[in-house]
Amino acid sequence: MSEKINYIKHLQFIRNRILEDNRLSPWHISLYYALFHTWNFNQFSHEFQIVREVIMSEAKIGSANTYTKCLKELHTWGYLIYSPSFNPYKSSKVSIITFDKGSDKGSDKGTDNSTDKGAVMDVRPLIKHIKTNINYNKTNINTNSKELVNTPKEKNEENNFKKEKIVSKKVETNTPKNLEEVETYFLEKEKPKSEANKFFNYYEANGWMVGKNKMKNWRAAANNWISNIGKFNSHPQEEKTTYLHVNQDKDYSIPL
C-alpha cells in the first residue's frame with residue numbers, strides 16, 4: 001500500500017538531520033539515499049523488498065558486512081525499519097520512516113528544524129539525480145517469484161527472440177545440419193553413404209529447393225530419393241573393354 005509523501009520536505013528534514021547526526025558515515029548516507037530511491041521506485045509503499053546486490057551497487061558499498069552493519073544502525077537510529085529475512089529464497093524488507101509533515105518523530109532532540117530557512121537547501125538537483133541516474137536498469141525485481149518484470153521494449157525484444165528461435169527450429173527441421181546427419185539417416189535406411197553424399201551435394205548446390213519452393217522436410221525428400229535409387233541405377237553403363245591393337249602377322253625375326 002502506497003502513501004502520499006512530500007519527498008521534498010522529507011529530503012529537507014533528512015538533510016538537516018544528517019548535518020546534526022555525527023554518528024552517520026558516508027556509507028550510511030549513500031545507503032539511505034539508495035533505499036530512498038528504491039522507496040520512490042515502489043511508489044512510496046509502506047514496506048518494500050530489497051535486493052542486497054542492487055542496493056550495494058547503488059550505494060557504492062563493496063562490503064556485505066559494511067552494508068549489513070549500516071542497515072542495522074539506520075534501523076537502530078530511527079531512520080528506517082529493517083525486517084531481515086533469514087530465508088535465502090525470500091528478500092528482506094524495509095520501511096522508511098517518513099519525515100514530511102514538519103515534525104521530528106525520530107529525532108533525538110525532538111525539535112522541528114524543517115522550518116529553519118537557514119537549513120533549507122535546493123534539493124532539485126538531488127531529486128533529478130535520483131530519478132535519472134539510478135534506475136534499476138528499468139526493471140522491477142520480484143524476488144518471491146525470481147522473475148524480472150520487463151519494460152514494453154524488453155518484452156518486444158524477448159518476443160522477437162522467441163520468434164527467431166522458432167524460425168531457427170523450423171530451419172533445422174527443413175534442412176539437415178550437416179552431411180553426417182544425412183549419412184546417419186541413410187544408414188538407418190540401410191543405404192550406402194555414397195547415396196547420402198549424392199543427395200546432400202545435389203540439394204546443397206541448389207539451396208535446398210524442390211522445384212521453385214523451399215524444401216519443407218529433408219527427411220521426406222531423402223525418402224523420395226531412396227525410393228528412386230533403383231530407377232537411377234536400372235540401366236548402368238556397360239564397361240567398355242579396350243584392347244591393344246597389334247599386328248598379328250608381324251615377323252619378330254626381323255631385327256628392329
# chains A, B, ... in the order shown; residues from 1 in each chain; ligands from 1
>>> residues_around(residues="region 94-99 of chain A", least_positions_apart="4", cutoff="12 Å", atoms="only C-alpha atoms", output="PyMOL selection string")
chain A and resi 1-17+32-40+42+44-52+55+71-72+74-85+103-107+112-114
>>> atom_distance(atom1="CA of Tyr203 (chain A)", atom2="CA of Asn228 (chain A)")
15.5 Å
>>> closest_residue(among="A:Asn87, A:Ser92, A:Asn213, A:Asn178", to="Thr68 (chain A)", atoms="only C-alpha atoms")
A:Ser92
>>> residues_around(residues="Ala196 (chain A)", least_positions_apart="2", cutoff="10 Å", atoms="only C-alpha atoms", output="NGL selection string")
:A and (179-187 or 191-194 or 198-202 or 222 or 225-226)
